[in-house]
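Just structure09.txt here, compact mmCIF, C-alpha atoms:
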# COMPACT_ATOMS: atom_id res chain seq x y z
CA MET A 1 126.92 100.46 -2.43
CA PRO A 2 126.97 98.81 -5.86
CA ASP A 3 125.00 100.35 -8.69
CA TYR A 4 124.00 99.68 -12.30
CA ALA A 5 126.44 102.13 -13.91
CA LEU A 6 128.79 99.60 -15.53
CA GLU A 7 125.91 97.61 -16.97
CA ALA A 8 124.12 100.70 -18.29
CA ALA A 9 127.28 102.16 -19.80
CA HIS A 10 127.86 99.10 -21.96
CA GLY A 11 124.30 98.31 -22.97
CA GLY A 12 123.13 94.98 -24.31
CA LEU A 13 123.01 91.94 -22.06
CA VAL A 14 125.64 92.27 -19.33
CA VAL A 15 126.31 89.45 -16.88
CA GLY A 16 128.02 89.71 -13.52
CA ILE A 17 130.13 86.75 -12.40
CA ASP A 18 131.58 85.98 -8.99
CA GLU A 19 132.86 82.93 -7.14
CA VAL A 20 132.76 81.78 -3.53
CA GLY A 21 134.93 79.22 -1.79
CA ARG A 22 138.49 80.01 -2.84
CA GLY A 23 139.87 79.81 0.70
CA PRO A 24 138.12 76.95 2.55
CA LEU A 25 139.89 73.71 3.41
CA ALA A 26 136.95 71.59 2.24
CA GLY A 27 134.25 71.55 -0.40
CA PRO A 28 133.96 72.76 -3.98
CA VAL A 29 134.29 76.27 -5.33
CA VAL A 30 131.00 77.71 -6.59
CA ALA A 31 130.41 80.51 -9.10
CA ALA A 32 127.26 82.32 -10.19
CA ALA A 33 126.41 84.40 -13.23
CA VAL A 34 123.57 86.95 -13.07
CA ALA A 35 122.19 89.13 -15.85
CA PHE A 36 119.41 91.70 -15.46
CA THR A 37 117.42 91.97 -18.67
CA SER A 38 116.33 95.43 -17.49
CA GLU A 39 117.56 97.71 -14.73
CA PRO A 40 116.59 96.25 -11.35
CA ASP A 41 114.03 98.15 -9.28
CA LYS A 42 115.02 100.20 -6.26
CA LYS A 43 113.76 97.65 -3.75
CA LEU A 44 116.01 94.91 -5.09
CA SER A 45 118.94 97.24 -5.73
CA ALA A 46 118.86 98.40 -2.10
CA LEU A 47 119.25 94.80 -0.93
CA LEU A 48 122.28 93.96 -3.07
CA ASP A 49 125.85 94.27 -1.88
CA ASP A 50 128.95 92.16 -1.40
CA SER A 51 127.50 88.98 0.15
CA LYS A 52 130.09 89.06 2.94
CA LYS A 53 128.74 92.44 4.12
CA LEU A 54 125.11 91.30 4.38
CA THR A 55 123.30 89.78 7.32
CA ALA A 56 122.08 86.24 6.76
CA LYS A 57 118.47 87.46 6.71
CA ARG A 58 119.09 90.20 4.14
CA ARG A 59 121.16 87.84 2.01
CA MET A 60 118.33 85.31 1.94
CA VAL A 61 115.70 87.91 1.08
CA ALA A 62 117.89 89.11 -1.81
CA TYR A 63 118.53 85.53 -2.95
CA ASP A 64 114.82 84.69 -3.03
CA LEU A 65 114.00 87.82 -5.04
CA LEU A 66 116.80 87.14 -7.51
CA MET A 67 115.83 83.52 -8.05
CA GLN A 68 112.10 84.22 -8.41
CA ALA A 69 112.28 87.19 -10.77
CA PRO A 70 111.33 86.14 -14.33
CA ASP A 71 113.41 88.91 -15.92
CA ILE A 72 116.68 87.95 -14.18
CA LEU A 73 118.89 85.28 -15.76
CA THR A 74 121.00 83.15 -13.43
CA GLY A 75 123.51 80.38 -13.88
CA ILE A 76 125.41 78.41 -11.24
CA GLY A 77 128.57 76.36 -11.73
CA ALA A 78 131.02 74.54 -9.49
CA ALA A 79 134.39 72.83 -9.55
CA SER A 80 134.91 69.81 -7.35
CA VAL A 81 137.62 69.09 -4.81
CA THR A 82 139.10 66.61 -7.30
CA GLU A 83 139.25 69.33 -9.96
CA ILE A 84 140.76 71.82 -7.50
CA GLU A 85 143.53 69.33 -6.74
CA LYS A 86 144.09 68.57 -10.41
CA ILE A 87 144.22 72.09 -11.89
CA ASN A 88 144.75 74.33 -8.79
CA ILE A 89 142.27 76.61 -7.05
CA ALA A 90 142.69 79.60 -9.40
CA GLN A 91 141.93 77.53 -12.49
CA ALA A 92 139.09 75.76 -10.68
CA CYS A 93 137.51 79.16 -9.95
CA HIS A 94 137.69 79.98 -13.66
CA LEU A 95 136.20 76.58 -14.54
CA ALA A 96 133.28 77.21 -12.19
CA MET A 97 132.77 80.63 -13.79
CA ARG A 98 132.64 79.11 -17.28
CA ARG A 99 130.12 76.55 -16.12
CA ALA A 100 127.98 79.25 -14.51
CA LEU A 101 128.03 81.30 -17.72
CA ASN A 102 127.12 78.25 -19.80
CA ARG A 103 124.04 77.73 -17.62
CA LEU A 104 122.85 81.32 -18.00
CA GLY A 105 120.78 80.37 -21.04
CA ARG A 106 121.93 83.27 -23.26
CA MET A 107 125.34 84.48 -24.35
CA PRO A 108 125.89 87.99 -22.94
CA ASP A 109 127.43 90.93 -24.75
CA LEU A 110 129.79 91.50 -21.81
CA ALA A 111 130.82 89.70 -18.64
CA LEU A 112 131.74 91.78 -15.59
CA VAL A 113 133.98 89.51 -13.52
CA ASP A 114 135.03 90.16 -9.95
CA GLY A 115 138.80 90.23 -9.43
CA LYS A 116 141.86 90.96 -11.54
CA HIS A 117 142.72 87.64 -13.24
CA ALA A 118 140.54 87.09 -16.29
CA PRO A 119 139.05 83.65 -16.94
CA LYS A 120 138.72 82.38 -20.49
CA LEU A 121 135.10 83.02 -21.42
CA PRO A 122 133.30 82.90 -24.80
CA CYS A 123 132.35 86.59 -24.59
CA PRO A 124 134.04 89.96 -23.94
CA ILE A 125 135.22 90.42 -20.35
CA GLN A 126 135.72 93.41 -18.08
CA MET A 127 137.51 92.68 -14.82
CA VAL A 128 136.30 94.68 -11.82
CA ILE A 129 138.43 94.61 -8.67
CA GLY A 130 136.10 94.65 -5.67
CA GLY A 131 133.28 94.18 -8.15
CA ASP A 132 130.77 92.83 -5.64
CA GLY A 133 130.78 96.28 -4.02
CA ILE A 134 130.60 98.14 -7.34
CA SER A 135 128.32 96.30 -9.78
CA LEU A 136 124.78 95.17 -8.96
CA SER A 137 125.18 92.17 -11.28
CA ILE A 138 128.36 91.01 -9.55
CA ALA A 139 126.85 91.64 -6.11
CA ALA A 140 123.85 89.50 -7.11
CA ALA A 141 126.20 86.76 -8.32
CA SER A 142 128.12 86.84 -5.04
CA ILE A 143 124.89 86.36 -3.06
CA ILE A 144 123.68 83.44 -5.17
CA ALA A 145 127.08 81.74 -5.13
CA LYS A 146 127.45 82.10 -1.37
CA ILE A 147 124.02 80.77 -0.47
CA THR A 148 124.37 77.89 -2.93
CA ARG A 149 127.73 76.89 -1.47
CA ASP A 150 126.65 77.37 2.16
CA ARG A 151 123.67 75.07 1.56
CA LEU A 152 125.90 72.47 -0.08
CA MET A 153 128.32 72.52 2.87
CA ALA A 154 125.43 72.23 5.31
CA ARG A 155 124.27 69.10 3.48
CA LEU A 156 127.77 67.63 3.65
CA ALA A 157 127.86 68.43 7.38
CA VAL A 158 124.97 66.03 7.97
CA ARG A 159 127.21 63.14 6.92
CA HIS A 160 130.42 64.62 8.34
CA ASN A 161 129.29 66.23 11.58
CA ALA A 162 132.63 66.75 13.35
CA TYR A 163 133.81 69.76 11.36
CA GLY A 164 131.11 72.41 11.78
CA TRP A 165 130.69 72.90 8.04
CA GLU A 166 127.10 74.06 8.55
CA ARG A 167 128.57 77.08 10.38
CA ASN A 168 132.03 77.60 8.86
CA ALA A 169 131.40 76.48 5.25
CA GLY A 170 134.69 74.57 5.26
CA TYR A 171 136.96 77.41 6.41
CA GLY A 172 139.70 76.53 8.88
CA THR A 173 137.96 77.54 12.11
CA ALA A 174 138.89 76.14 15.52
CA VAL A 175 135.93 73.73 15.33
CA HIS A 176 137.00 72.52 11.89
CA MET A 177 140.62 72.01 12.93
CA SER A 178 139.52 70.18 16.08
CA GLY A 179 137.37 67.87 13.95
CA LEU A 180 140.33 67.14 11.70
CA LYS A 181 142.44 66.12 14.68
CA ILE A 182 139.69 63.85 16.01
CA ARG A 183 138.20 62.36 12.83
CA GLY A 184 140.89 63.00 10.24
CA VAL A 185 140.62 64.00 6.60
CA THR A 186 137.49 63.29 4.51
CA PRO A 187 137.18 62.93 0.71
CA HIS A 188 135.79 66.49 0.72
CA HIS A 189 138.98 68.04 2.09
CA ARG A 190 141.40 69.82 -0.24
CA ARG A 191 144.57 67.80 0.12
CA GLY A 192 146.67 70.35 -1.73
CA PHE A 193 145.95 73.06 0.83
CA ALA A 194 148.76 73.42 3.38
CA PRO A 195 146.92 72.57 6.63
CA ILE A 196 145.44 69.41 5.14
CA ARG A 197 148.64 68.44 3.32
CA ASN A 198 150.69 68.94 6.50
CA MET A 199 148.27 66.81 8.51
CA ILE A 200 148.42 63.97 5.94
CA GLU A 201 152.23 64.14 5.82
CA ALA A 202 152.54 64.15 9.62
CA LYS A 203 150.30 61.09 9.87
CA ALA A 204 152.36 59.30 7.19
CA HIS A 205 155.61 60.06 9.02
CA ALA A 206 154.18 58.83 12.30
CA ALA A 207 153.04 55.53 10.78
Just give me the structure of the file as C-alpha cells.
Amino acid sequence: MPDYALEAAHGGLVVGIDEVGRGPLAGPVVAAAVAFTSEPDKKLSALLDDSKKLTAKRRMVAYDLLMQAPDILTGIGAASVTEIEKINIAQACHLAMRRALNRLGRMPDLALVDGKHAPKLPCPIQMVIGGDGISLSIAAASIIAKITRDRLMARLAVRHNAYGWERNAGYGTAVHMSGLKIRGVTPHHRRGFAPIRNMIEAKAHAA
C-alpha cells in the first residue's frame, strides 16, 4: 500500500503526478497532479492505491473525497489525439503532466512523478517507478486521472456507440476492434498506433 513517506521526507509542498491513457487506441491522454497540504487522514489514506487495483466503487469514493477536500490541491491536464500524433505518445504524456501541474494553483517544492522518464517541469522532480503503489500523492493522481479520462471516453461513446468506449476506455478490446471493422476509424482514433495505422493502410490498398 502507498504511504506518505516520500512526501514527509522532503517537506514543503510535494505534488504527485501520474497519467492515464498511454496505451488506448482512441482518446486523449490525461494526467493529474495532487498535493496534500497536510498529511492525509487514515480514512482517506486507506482508500488510496494504484487506480488499476481498486474496485470502481472504491475508486469513486476516493475520487469524491479527494475532489471535495479543501486542503488538497488538484490539477488536471490532457493532450489530444492530434497532439499525440504530432509529438508521439511519450511526449504527449509529459505535455499533459505539465498542464496538470500548471493547473495546481501553486508551484510545489518537489514533484513525485510515476515512471522512469522525467518530464520537463518547472520544479524539482523525483521519478518513482511504480509510484502509484508507493506514494499517496501519486496514487491520488492516478485515481483522479483515470476517472476523468473514463468519464471523457464515456461521453465520446454516446456519439460513437459502436466501440464500447464506455466500458473499455478506448483500449483495443474485442468489442472495440469489431466496431472498427464495422464503422471504421473516427477522428478520436490514434492513427499512429499500429492497429489503426494498419487498418487505414489496408483500406487504402483495397481502394
*Please, what distance in Å, to one decimal, runs between CA of Lys146 in chain A and CA of Glu19 in chain A?*
8.0 Å
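Using only C-alpha atoms, the contacts of Gly184 in chain A at a cut-off of 10 Å, with sequence neighbours closer than 6 positions omitted, comprise A:Ala162, A:Tyr163, A:Met177, A:Ser178, A:Ile196, A:Met199, A:Ile200, A:Lys203.
In this model, the gap between CA of Val20 in chain A and CA of Lys43 in chain A comes to 24.8 Å.
Atom to atom, CA of Pro108 in chain A and CA of Pro124 in chain A stand 8.4 Å apart.
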*For Ala169 in chain A, list every protein, DNA or RNA residue within 12 Å, evaluated using all atoms listed in the file, and leave out those in the same chain fewer than 4 positions away; present the list as a PyMOL selection string.*
chain A and resi 20-30+146-157+163-165+173+175-176+188-189
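Among A:Val185, A:Phe193, A:Asp18, A:His205, the residue with the shortest atom-to-atom distance to Ile84 in chain A, counting only C-alpha atoms, is A:Phe193.
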*Please, which residues are within 8 Å of (128.5, 93.6, -10.9) by the file's coordinates, counting all atoms listed in the file, and could they come as a PyMOL selection string?*
chain A and resi 2-4+6-7+15-17+112-114+128+131-141
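Distances from A:Ala90, A:Thr186, A:Pro195, A:Ala145 to Arg159 in chain A were compared using all atoms listed in the file, and the smallest one belongs to A:Thr186.
Restricting the calculation to all atoms listed in the file, the smallest distance between Phe36 in chain A and any of A:Asp71, A:Asp50, A:Asp64, A:Glu166 is found for A:Asp71.
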*Taking into account all atoms listed in the file, which residue in the set A:Ala56, A:Ala46, A:Val14, A:Arg99 is nearest to Arg167 in chain A?*
A:Ala56
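Nearest to Thr74 in chain A of all the residues A:Gln91, A:Asn168, A:Asn161, A:Asn102 is A:Asn102, counting all atoms listed in the file.
Counting all atoms listed in the file, Leu44 in chain A has the following residues at most 9 Å away, ignoring those fewer than 3 positions along the same chain: Pro40, Asp41, Leu47, Leu48, Ala62, Leu65 and Leu66 of chain A.
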Keeping only C-alpha atoms, write those residues as an mmCIF file, in the coordinates of the input.
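Saved result, out33.cif, follows:
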data_model
loop_
_atom_site.group_PDB
_atom_site.id
_atom_site.type_symbol
_atom_site.label_atom_id
_atom_site.label_comp_id
_atom_site.auth_asym_id
_atom_site.auth_seq_id
_atom_site.Cartn_x
_atom_site.Cartn_y
_atom_site.Cartn_z
ATOM 1 C CA PRO A 40 116.590 96.250 -11.350
ATOM 2 C CA ASP A 41 114.030 98.150 -9.280
ATOM 3 C CA LEU A 47 119.250 94.800 -0.930
ATOM 4 C CA LEU A 48 122.280 93.960 -3.070
ATOM 5 C CA ALA A 62 117.890 89.110 -1.810
ATOM 6 C CA LEU A 65 114.000 87.820 -5.040
ATOM 7 C CA LEU A 66 116.800 87.140 -7.510
#
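Among the candidates A:Pro119, A:Ala31, A:Tyr171, A:His10, the residue lying nearest to Ser80 in chain A is A:Ala31 (atoms considered: all atoms listed in the file).
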